[in-house]
>>> print(open('protein-v3.cif').read())   # mmCIF, C-alpha atoms
data_my_file
loop_
_atom_site.label_atom_id
_atom_site.label_comp_id
_atom_site.auth_asym_id
_atom_site.auth_seq_id
_atom_site.Cartn_x
_atom_site.Cartn_y
_atom_site.Cartn_z
CA PHE A 1 16.57 -46.03 -12.00
CA ILE A 2 20.37 -45.78 -12.28
CA ILE A 3 20.60 -45.43 -8.52
CA VAL A 4 18.48 -48.55 -8.04
CA ILE A 5 20.64 -50.60 -10.47
CA THR A 6 23.83 -49.41 -8.78
CA PHE A 7 22.37 -50.25 -5.38
CA THR A 8 21.43 -53.74 -6.61
CA TRP A 9 24.88 -54.41 -8.08
CA PHE A 10 26.77 -53.48 -4.94
CA PHE A 11 24.49 -55.29 -2.54
CA PHE A 12 23.61 -58.41 -4.53
CA PHE A 13 26.06 -59.19 -7.34
CA PHE A 14 29.34 -57.69 -6.15
CA PRO A 15 29.41 -59.46 -2.72
CA TYR A 16 28.85 -62.74 -4.54
CA TYR A 17 32.05 -62.37 -6.53
CA LEU A 18 33.94 -61.36 -3.43
CA ARG A 19 32.75 -64.48 -1.70
CA ARG A 20 33.80 -66.66 -4.65
CA ASP A 21 37.30 -65.17 -4.74
CA ALA A 22 37.74 -65.28 -1.00
CA SER A 23 36.43 -68.80 -0.39
CA ASN A 24 37.51 -70.44 -3.68
CA LEU A 25 33.97 -71.77 -4.12
CA ALA A 26 34.62 -73.32 -7.54
CA LYS A 27 32.55 -76.37 -6.79
CA GLN A 28 29.41 -74.43 -5.98
CA ARG A 29 26.45 -74.22 -8.34
CA PRO A 30 27.16 -72.56 -11.71
CA LEU A 31 27.50 -68.84 -11.96
CA SER A 32 24.56 -68.64 -14.36
CA THR A 33 22.29 -70.03 -11.67
CA ASP A 34 23.41 -67.33 -9.23
CA VAL A 35 22.99 -64.64 -11.86
CA ILE A 36 19.41 -65.73 -12.54
CA TYR A 37 18.77 -65.88 -8.81
CA ASN A 38 20.11 -62.36 -8.28
CA ILE A 39 18.18 -60.99 -11.26
CA GLU A 40 15.02 -62.37 -9.69
CA ARG A 41 15.92 -60.70 -6.41
CA THR A 42 16.63 -57.46 -8.24
CA ILE A 43 13.24 -57.53 -9.95
CA VAL A 44 11.51 -58.17 -6.63
CA LEU A 45 13.50 -55.37 -5.05
CA LEU A 46 12.55 -53.00 -7.87
CA PHE A 47 8.87 -53.78 -7.33
CA VAL A 48 9.27 -53.23 -3.59
CA ILE A 49 11.03 -49.90 -4.13
CA ALA A 50 8.42 -48.82 -6.68
CA PHE A 51 5.65 -49.70 -4.25
CA VAL A 52 7.35 -47.77 -1.44
CA PHE A 53 7.74 -44.72 -3.67
CA PHE A 54 4.11 -45.03 -4.73
CA CYS A 55 2.92 -45.14 -1.13
CA PHE A 56 5.17 -42.23 -0.17
CA ASN A 57 3.92 -40.09 -3.04
CA MET A 58 0.31 -40.92 -2.23
CA PHE A 59 0.92 -39.91 1.37
CA MET A 60 2.52 -36.61 0.33
CA PHE A 61 -0.28 -35.95 -2.13
CA LYS A 62 -2.82 -36.51 0.62
CA GLU A 63 -0.93 -34.08 2.90
CA LYS A 64 -0.91 -31.45 0.17
CA LEU A 65 -4.62 -31.93 -0.37
CA GLN A 66 -5.22 -31.48 3.34
CA ASP A 67 -3.06 -28.33 3.38
CA ALA A 68 -4.96 -26.99 0.38
CA ASP A 69 -8.27 -27.76 2.07
CA LEU A 70 -7.11 -26.01 5.24
CA ALA A 71 -5.95 -22.98 3.27
CA LEU A 72 -9.27 -22.88 1.43
CA ALA A 73 -11.18 -23.23 4.65
CA SER A 74 -9.07 -20.51 6.26
CA SER A 75 -9.69 -18.08 3.41
CA ALA A 76 -13.38 -18.88 3.57
CA VAL A 77 -13.44 -18.17 7.30
CA THR A 78 -11.80 -14.76 6.85
CA LYS A 79 -14.56 -13.83 4.43
CA LEU A 80 -17.35 -14.76 6.78
CA PRO A 81 -19.38 -11.81 8.11
CA SER A 82 -18.75 -13.00 11.65
CA ASP A 83 -14.99 -12.73 11.41
CA ALA A 84 -13.94 -9.66 13.42
CA LYS A 85 -10.49 -9.25 11.86
CA ALA A 86 -11.88 -9.17 8.32
CA LEU A 87 -14.57 -6.72 9.41
CA GLN A 88 -12.01 -4.50 11.10
CA ASP A 89 -9.76 -4.48 8.02
CA SER A 90 -12.73 -3.65 5.80
CA ALA A 91 -13.80 -0.87 8.17
CA ILE A 92 -10.34 0.72 8.13
CA GLU A 93 -10.30 0.52 4.34
CA LYS A 94 -13.71 2.22 4.17
CA ARG A 95 -12.48 4.92 6.56
CA GLN A 96 -9.45 5.60 4.37
CA LEU A 97 -11.80 5.98 1.42
CA GLY A 98 -13.88 8.50 3.36
CA GLN A 99 -16.85 6.14 3.68
CA PHE A 100 -17.19 6.73 7.41
CA ASP A 101 -20.78 5.56 7.90
CA GLU A 102 -20.01 2.23 6.25
CA ALA A 103 -16.86 1.95 8.36
CA ILE A 104 -18.82 2.47 11.58
CA LYS A 105 -21.32 -0.25 10.57
CA LEU A 106 -18.47 -2.68 9.97
CA PHE A 107 -16.85 -1.80 13.30
CA ASP A 108 -20.22 -2.39 15.01
CA ALA A 109 -20.45 -5.82 13.40
CA ALA A 110 -16.92 -6.66 14.53
CA ILE A 111 -17.65 -5.49 18.08
CA LYS A 112 -20.62 -7.87 18.23
CA VAL A 113 -18.12 -10.69 17.73
CA HIS A 114 -15.56 -9.30 20.20
CA PRO A 115 -17.39 -6.81 22.44
CA ARG A 116 -14.46 -6.43 24.85
CA ASP A 117 -11.74 -5.79 22.30
CA ASP A 118 -10.45 -2.33 23.27
CA LYS A 119 -8.65 -1.85 19.93
CA LEU A 120 -11.88 -2.39 18.00
CA LEU A 121 -13.73 -0.06 20.33
CA TYR A 122 -11.00 2.56 19.99
CA ASP A 123 -11.11 2.41 16.18
CA ARG A 124 -14.87 2.72 16.24
CA ALA A 125 -14.74 5.75 18.54
CA LEU A 126 -12.00 7.34 16.45
CA THR A 127 -14.09 6.94 13.31
CA ALA A 128 -17.05 8.62 15.03
CA PHE A 129 -14.72 11.49 16.01
CA PHE A 130 -13.67 11.92 12.38
CA VAL A 131 -17.29 12.64 11.40
CA ARG A 132 -18.04 14.88 14.40
CA ARG A 133 -20.27 12.36 16.16
CA LEU A 134 -18.72 13.62 19.35
CA GLN A 135 -20.95 11.98 21.95
CA GLU A 136 -20.50 8.60 20.31
CA ALA A 137 -16.77 9.15 20.23
CA GLU A 138 -16.63 10.18 23.88
CA ASP A 139 -18.70 7.18 24.98
CA GLY A 140 -16.45 4.92 22.96
CA PHE A 141 -13.19 6.28 24.39
CA LEU A 142 -14.60 6.06 27.93
CA ARG A 143 -15.53 2.43 27.31
CA VAL A 144 -12.00 1.76 26.08
CA GLN A 145 -10.60 3.32 29.23
CA ALA A 146 -12.90 1.17 31.39
CA LEU A 147 -11.74 -2.00 29.65
CA ASN A 148 -8.08 -1.04 29.50
CA PRO A 149 -6.97 1.80 31.78
CA LYS A 150 -3.47 1.56 30.25
CA ASN A 151 -4.73 2.59 26.82
CA VAL A 152 -2.95 5.94 26.56
CA ASN A 153 -4.43 6.76 23.17
CA ALA A 154 -7.97 6.78 24.57
CA SER A 155 -6.94 9.29 27.26
CA ILE A 156 -5.31 11.55 24.67
CA LYS A 157 -8.31 11.38 22.35
CA LEU A 158 -10.70 12.27 25.17
CA ALA A 159 -8.61 15.37 25.82
CA GLU A 160 -8.47 16.20 22.09
CA LEU A 161 -12.23 15.79 21.88
CA LYS A 162 -12.76 18.14 24.81
CA TYR A 163 -10.56 20.82 23.25
CA PHE A 164 -12.16 20.27 19.84
CA SER A 165 -15.66 20.75 21.21
CA SER A 166 -15.07 23.53 23.75
CA GLY A 167 -11.73 25.15 23.01
CA ASP A 168 -11.05 24.90 26.76
CA ALA A 169 -7.50 23.58 27.05
CA SER A 170 -7.62 23.61 30.86
CA GLN A 171 -10.54 21.15 30.91
CA ALA A 172 -8.78 18.99 28.35
CA LEU A 173 -5.63 18.99 30.46
CA VAL A 174 -7.51 17.60 33.46
CA LEU A 175 -8.33 14.49 31.43
CA MET A 176 -4.65 13.74 30.85
CA SER A 177 -2.75 11.40 33.15
CA GLY A 178 0.51 9.51 32.87
CA GLU A 179 4.12 10.27 31.99
CA GLN A 180 4.29 8.60 28.59
CA ALA A 181 5.86 10.59 25.76
CA GLU A 182 2.55 10.97 23.89
CA VAL A 183 0.78 12.24 27.02
CA LEU A 184 3.52 14.72 27.88
CA LEU A 185 3.63 16.04 24.31
CA TYR A 186 -0.09 16.77 24.26
CA LYS A 187 0.15 18.37 27.72
CA ILE A 188 2.79 20.69 26.26
CA GLU A 189 0.46 21.51 23.36
CA LEU A 190 -2.46 22.22 25.70
CA LEU A 191 -0.37 24.46 27.94
CA THR A 192 0.84 26.29 24.83
CA ALA A 193 -2.79 26.71 23.76
CA GLN A 194 -3.36 28.47 27.10
CA ARG A 195 -0.22 30.58 26.52
CA LYS A 196 1.32 29.04 29.63
CA TYR A 197 4.72 28.82 28.00
CA ASP A 198 6.80 28.50 31.16
CA ALA A 199 4.65 25.62 32.42
CA ALA A 200 5.01 23.94 29.03
CA LEU A 201 8.79 24.44 29.09
CA ALA A 202 8.89 22.86 32.55
CA LEU A 203 7.62 19.61 31.02
CA ILE A 204 10.34 19.44 28.37
CA PRO A 205 12.92 17.55 30.53
CA ALA A 206 10.34 14.89 31.43
CA TYR A 207 9.33 14.60 27.79
CA GLN A 208 12.95 14.32 26.68
CA ALA A 209 13.60 11.53 29.19
CA SER A 210 10.40 9.62 28.40
CA SER A 211 11.72 7.74 25.33
CA PRO A 212 14.56 7.77 22.79
CA ALA A 213 12.13 8.98 20.11
CA ALA A 214 11.03 11.86 22.34
CA ALA A 215 14.65 12.78 23.04
CA SER A 216 15.32 13.04 19.30
CA GLN A 217 12.20 15.21 18.84
CA THR A 218 12.99 17.54 21.74
CA PRO A 219 14.91 20.21 19.74
CA MET A 220 11.92 20.63 17.42
CA VAL A 221 9.33 20.63 20.23
CA LYS A 222 11.28 23.04 22.41
CA GLY A 223 12.29 25.25 19.50
CA ILE A 224 8.69 25.64 18.30
CA LEU A 225 7.55 26.28 21.88
CA LEU A 226 10.14 29.03 22.37
CA ALA A 227 9.30 30.58 19.01
CA SER A 228 5.59 30.52 19.91
CA ALA A 229 6.45 32.33 23.14
CA GLY A 230 8.27 35.02 21.15
CA ARG A 231 11.74 33.93 22.31
CA GLN A 232 13.17 33.73 18.81
CA GLU A 233 16.81 34.11 19.81
CA ALA A 234 16.65 31.04 22.04
CA ALA A 235 14.55 29.14 19.52
CA ILE A 236 16.74 29.48 16.41
CA PRO A 237 19.63 27.14 17.45
CA LEU A 238 17.12 24.44 18.38
CA LEU A 239 15.17 24.90 15.17
CA LEU A 240 18.36 24.65 13.10
CA ALA A 241 19.28 21.42 14.89
CA ALA A 242 15.76 20.12 14.30
CA ARG A 243 16.01 21.01 10.61
CA THR A 244 19.22 18.98 10.25
CA LYS A 245 17.71 15.96 11.96
CA LEU A 246 14.46 16.10 10.01
CA ALA A 247 16.36 16.31 6.72
CA LYS A 248 18.24 13.12 7.67
CA ASP A 249 15.01 11.42 8.73
CA LEU A 250 13.35 12.39 5.46
CA ALA A 251 16.26 10.99 3.44
CA SER A 252 16.02 7.67 5.31
CA VAL A 253 12.42 6.81 4.31
CA PRO A 254 10.80 6.08 0.94
CA GLY A 255 9.82 9.31 -0.76
CA TYR A 256 6.22 8.18 -1.29
CA SER A 257 5.55 7.00 2.27
CA VAL A 258 3.33 8.40 5.02
CA GLU A 259 6.51 8.97 7.05
CA ALA A 260 7.88 11.15 4.27
CA GLN A 261 4.72 13.24 4.34
CA ILE A 262 4.98 13.71 8.12
CA TYR A 263 8.65 14.69 7.95
CA LYS A 264 7.95 17.19 5.14
CA HIS A 265 5.17 18.83 7.15
CA GLN A 266 7.37 19.00 10.25
CA LEU A 267 10.29 20.36 8.27
CA ALA A 268 8.02 22.95 6.63
CA LEU A 269 6.83 24.13 10.05
CA VAL A 270 10.41 24.42 11.31
CA GLU A 271 11.38 26.40 8.20
CA ALA A 272 8.38 28.67 8.76
CA TYR A 273 9.45 29.43 12.32
CA ILE A 274 13.00 30.09 11.10
CA GLY A 275 11.55 32.45 8.51
CA ASN A 276 12.20 30.59 5.26
CA GLU A 277 8.81 31.07 3.61
CA ARG A 278 9.72 29.81 0.14
CA VAL A 279 11.20 26.53 1.41
CA ALA A 280 8.34 26.05 3.86
CA ARG A 281 5.74 26.47 1.14
CA GLU A 282 7.54 24.13 -1.26
CA LEU A 283 7.79 21.40 1.38
CA THR A 284 4.11 21.81 2.26
CA LEU A 285 3.00 21.45 -1.35
CA GLU A 286 5.15 18.32 -1.69
CA ALA A 287 3.67 16.86 1.50
CA LEU A 288 0.10 17.58 0.41
CA ALA A 289 0.72 15.88 -2.94
CA LEU A 290 2.09 12.75 -1.24
CA MET A 291 -1.10 11.88 0.66
CA PRO A 292 -4.13 13.85 -0.55
CA PRO A 293 -7.58 13.18 0.93
CA GLU A 294 -8.53 11.35 -2.27
CA LYS A 295 -5.87 8.78 -1.41
CA ASP A 296 -6.49 8.61 2.34
CA ALA A 297 -9.35 10.63 3.80
CA THR A 298 -7.97 10.69 7.34
CA ILE A 299 -4.27 11.31 6.71
CA GLY A 300 -5.16 13.73 3.92
CA ALA A 301 -7.33 15.82 6.23
CA ILE A 302 -4.61 15.93 8.88
CA GLY A 303 -2.14 17.05 6.19
CA ILE A 304 -4.36 19.96 5.15
CA SER A 305 -4.66 20.99 8.80
CA ARG A 306 -0.86 20.92 9.17
CA ALA A 307 -0.59 23.11 6.07
CA ALA A 308 -3.05 25.62 7.54
CA HIS A 309 -1.00 25.83 10.74
CA MET A 310 2.21 26.41 8.80
CA TYR A 311 0.62 29.16 6.69
CA ALA A 312 -0.63 30.81 9.89
CA VAL A 313 2.94 30.94 11.20
CA LEU A 314 3.91 32.67 7.92
CA ASP A 315 1.04 35.13 8.42
CA ARG A 316 -0.53 34.10 5.12
CA ALA A 317 -4.24 34.48 5.82
CA ASP A 318 -5.07 33.91 2.16
CA LEU A 319 -3.50 30.44 2.19
CA VAL A 320 -4.88 29.58 5.62
CA VAL A 321 -8.42 30.36 4.44
CA GLU A 322 -7.86 28.26 1.34
CA MET A 323 -6.83 25.27 3.47
CA LEU A 324 -9.69 25.72 5.94
CA ALA A 325 -12.25 25.96 3.14
CA ARG A 326 -10.84 22.77 1.64
CA LEU A 327 -10.93 21.07 5.02
CA ARG A 328 -14.62 21.90 5.44
CA THR A 329 -15.53 20.13 2.19
CA LEU A 330 -14.04 16.80 3.28
CA PRO A 331 -16.21 13.96 4.59
CA GLY A 332 -14.17 13.83 7.79
CA THR A 333 -12.38 16.28 10.06
CA ASP A 334 -8.71 16.33 11.08
CA LEU A 335 -9.64 15.86 14.80
CA ARG A 336 -8.14 19.27 15.66
CA THR A 337 -9.81 22.04 13.64
CA SER A 338 -13.17 23.31 14.89
CA ALA A 339 -14.76 26.69 15.49
CA ALA A 340 -13.76 26.45 19.15
CA SER A 341 -10.12 25.59 18.47
CA LEU A 342 -9.84 28.24 15.76
CA ARG A 343 -10.92 30.84 18.31
CA ALA A 344 -8.71 29.57 21.12
CA ASP A 345 -5.40 28.42 19.66
CA PRO A 346 -2.65 31.08 19.63
CA VAL A 347 -1.25 29.64 16.39
CA TRP A 348 -3.93 31.73 14.63
CA ASP A 349 -3.06 34.97 16.42
CA LYS A 350 -1.31 36.59 13.45
CA ILE A 351 -4.35 36.26 11.20
CA ASN A 352 -7.07 36.55 13.80
CA ASP A 353 -8.13 40.02 12.66
CA ASP A 354 -8.53 38.99 9.03
CA GLN A 355 -12.24 38.97 8.12
CA ARG A 356 -11.77 35.98 5.82
CA PHE A 357 -10.49 33.97 8.78
CA GLN A 358 -13.41 35.09 10.94
CA ASP A 359 -15.80 34.04 8.18
CA GLU A 360 -14.22 30.60 8.18
CA ILE A 361 -14.80 30.30 11.92
CA ILE A 362 -18.51 30.99 11.30
CA GLN A 363 -18.60 28.31 8.62
CA PHE A 364 -16.93 25.81 10.95
CA GLU A 365 -19.42 26.66 13.67
CA LYS A 366 -22.28 25.75 11.33
CA LEU A 367 -20.49 22.52 10.47
CA ASP A 368 -19.84 21.64 14.10
CA ASN A 369 -23.51 22.16 14.99
CA LEU A 370 -24.88 19.85 12.30
#
>>> encode(input="protein-v3.cif", output="C-alpha cells")
Amino acid sequence: FIIVITFTWFFFFFPYYLRRDASNLAKQRPLSTDVIYNIERTIVLLFVIAFVFFCFNMFMFKEKLQDADLALASSAVTKLPSDAKALQDSAIEKRQLGQFDEAIKLFDAAIKVHPRDDKLLYDRALTAFFVRRLQEAEDGFLRVQALNPKNVNASIKLAELKYFSSGDASQALVLMSGEQAEVLLYKIELLTAQRKYDAALALIPAYQASSPAAASQTPMVKGILLASAGRQEAAIPLLLAARTKLAKDLASVPGYSVEAQIYKHQLALVEAYIGNERVARELTLEALALMPPEKDATIGAIGISRAAHMYAVLDRADLVVEMLARLRTLPGTDLRTSAASLRADPVWDKINDDQRFQDEIIQFEKLDNL
C-alpha cells in the first residue's frame, strides 16, 4: 500500500507542482480542483492495481493447483501395477528382505510391461540364481546377452553359474569374452581355481591397464594370487601396499555403508594372507555386523561367504564350517558356494581333509539338488 501511494504521488501529484512552478500557471483552475481530480485518478489506479494483483494471484493459484494435480497423478501412476519401475523397485526390496519368490513375481510383472528391458531381465535372472533356480537363471542371462551383447555382467554371471553348478573352471572360462576389468578379474579367479597361476599372472598387466579402479586394485589382486601360488616372499610387499590403500579407502567412506563392509572383508583377507590372524578375525566380525543377512539377504550372504574364505586361508576349519552351516540356512545363496565349488576351489585346500568340511560339502550337495 505504501508503495502504491508513493507511486501515485510521484507520477500524479508531484509533476503537477513542477508544472505550476515551471510555467507560472497561476491563472489555471484552483489547486483544490486538481487535488480532487488526482485523488479520483489515484482511487481508479488503486482499483486497477488491485484487480491486476487479483488476476495474477488467481493465475498463480491455478498453476499451483495444476502442479499439485500433476504431482498427484504422477504418484498415482507410480503405484499402478503396470508401472515397471515401481515393480522393479518393489522386487529389489523383496529380494533384499529374502523374499525371493515374491521378488521374481514382481520382476515377471515388470517384464510384461517392458519385455525387452535387459536390466529387468538381468535382475530377474540374478534373483533366480540366488535361489538356485539355475536353469531359469541361465535362460535369463542368455536372453540378456541376445538383447544386449555388450552386457558384460550377463557374461560374467553365466560363467559364475557354470562354475557354481559344475565346479569346472575351464568350461566357465570359455564363456568369458572381452577385455573389461570385470571380465579380466574373473578370468584371473577362474585360472586360479584351476591352479594355473602363471596364466593368471599373465593377465595382470591387461587387468591393471583396463581401468583406473583396476590399477588401484592390482597390488591386492596380484598379492593374493602370488600368495595362493605359494610365492609368499613376492606376495608380501604387494599385500602390505594393498593393506595401506584399503585402510585409506575404508577411512574415506561412512562406517555403516556397504562400501565399508566390502573394504573390511578385503582388508581381512589381506591380513590373513600376511598372517595377522587376530586382526583378520576382528575385521571380519566387524564386516559381518555391518550388513547381516537380516538386513540384506543378498549382501549378507556374500559377506558370510567372504568370511568363510578368509577363515580357510587361516586354516580355521572350525570357523569355516560355522560360516558354511550358516550360509546353508539362508533363503538365498551367495552365488559362489556350492558342493561343486567347495570341491574344486584351491582356497579350501588347507581344510580339505577335515571331516567337518567334508560333511558340509555333503549338506550343500543335498541343497543344490533340491
>>> resolve_selection(input="protein-v3.cif", expression="the PyMOL selection byres ((chain A and resi 352-354) around 12)", output="mmCIF file with C-alpha atoms, in the coordinates of the input")
data_model
loop_
_atom_site.group_PDB
_atom_site.id
_atom_site.type_symbol
_atom_site.label_atom_id
_atom_site.label_comp_id
_atom_site.auth_asym_id
_atom_site.auth_seq_id
_atom_site.Cartn_x
_atom_site.Cartn_y
_atom_site.Cartn_z
ATOM 1 C CA ALA A 312 -0.630 30.810 9.890
ATOM 2 C CA VAL A 313 2.940 30.940 11.200
ATOM 3 C CA ASP A 315 1.040 35.130 8.420
ATOM 4 C CA ARG A 316 -0.530 34.100 5.120
ATOM 5 C CA ALA A 317 -4.240 34.480 5.820
ATOM 6 C CA ASP A 318 -5.070 33.910 2.160
ATOM 7 C CA VAL A 320 -4.880 29.580 5.620
ATOM 8 C CA VAL A 321 -8.420 30.360 4.440
ATOM 9 C CA LEU A 342 -9.840 28.240 15.760
ATOM 10 C CA ARG A 343 -10.920 30.840 18.310
ATOM 11 C CA ALA A 344 -8.710 29.570 21.120
ATOM 12 C CA ASP A 345 -5.400 28.420 19.660
ATOM 13 C CA PRO A 346 -2.650 31.080 19.630
ATOM 14 C CA VAL A 347 -1.250 29.640 16.390
ATOM 15 C CA TRP A 348 -3.930 31.730 14.630
ATOM 16 C CA ASP A 349 -3.060 34.970 16.420
ATOM 17 C CA LYS A 350 -1.310 36.590 13.450
ATOM 18 C CA ILE A 351 -4.350 36.260 11.200
ATOM 19 C CA GLN A 355 -12.240 38.970 8.120
ATOM 20 C CA ARG A 356 -11.770 35.980 5.820
ATOM 21 C CA PHE A 357 -10.490 33.970 8.780
ATOM 22 C CA GLN A 358 -13.410 35.090 10.940
ATOM 23 C CA ASP A 359 -15.800 34.040 8.180
ATOM 24 C CA GLU A 360 -14.220 30.600 8.180
ATOM 25 C CA ILE A 361 -14.800 30.300 11.920
#
>>> residues_around(input="protein-v3.cif", residues="A:Leu203", least_positions_apart="2", cutoff="12 Å", atoms="all atoms listed in the file", output="ChimeraX atom specification")
/A:179-181,183-192,196-201,205-210,218,221-222,225
>>> resolve_selection(input="protein-v3.cif", expression="the PyMOL selection byres ((chain A and resi 106) around 8)", output="PyMOL selection string")
chain A and resi 87-88+90-91+102-105+107-110
>>> resolve_selection(input="protein-v3.cif", expression="the PyMOL selection byres ((chain A and resi 298-307) around 8)", output="JSON, numbers by chain")
{"A": [95, 96, 98, 130, 265, 284, 287, 288, 291, 292, 293, 294, 295, 296, 297, 308, 309, 310, 311, 320, 323, 324, 326, 327, 330, 332, 333, 334, 335, 336, 337]}
>>> atom_distance(input="protein-v3.cif", atom1="atom CA of A:Ala241", atom2="atom CA of A:Ala227")
14.2 Å
>>> closest_residue(input="protein-v3.cif", among="A:Arg124, A:Lys85, A:Arg116, A:Arg132", to="A:Ala146", atoms="all atoms listed in the file")
A:Arg116
>>> closest_residue(input="protein-v3.cif", among="A:Ala251, A:Ala125, A:Leu97, A:Ala339", to="A:Lys264", atoms="only C-alpha atoms")
A:Ala251
>>> atom_distance(input="protein-v3.cif", atom1="atom CA of A:Ser338", atom2="atom CA of A:Phe164")
5.9 Å
>>> atom_distance(input="protein-v3.cif", atom1="atom CA of A:Lys157", atom2="atom CA of A:Pro219")
25.0 Å
>>> closest_residue(input="protein-v3.cif", among="A:Leu134, A:Ser252, A:Pro331, A:Tyr122", to="A:Tyr163", atoms="only C-alpha atoms")
A:Leu134
>>> closest_residue(input="protein-v3.cif", among="A:Ser341, A:Arg328, A:Val152, A:Asp118", to="A:Phe364", atoms="only C-alpha atoms")
A:Arg328
>>> residues_around(input="protein-v3.cif", residues="A:Asn151", least_positions_apart="2", cutoff="12 Å", atoms="all atoms listed in the file", output="list in words")
Asp117, Asp118, Lys119, Leu121, Tyr122, Phe141, Leu142, Arg143, Val144, Gln145, Ala146, Leu147, Asn148, Pro149, Asn153, Ala154, Ser155, Ile156, Lys157, Leu158, Met176, Ser177, Gly178, Gln180, Glu182 and Val183 of chain A
>>> closest_residue(input="protein-v3.cif", among="A:Leu120, A:Leu285, A:Ala202, A:Ile274", to="A:Ala234", atoms="all atoms listed in the file")
A:Ile274
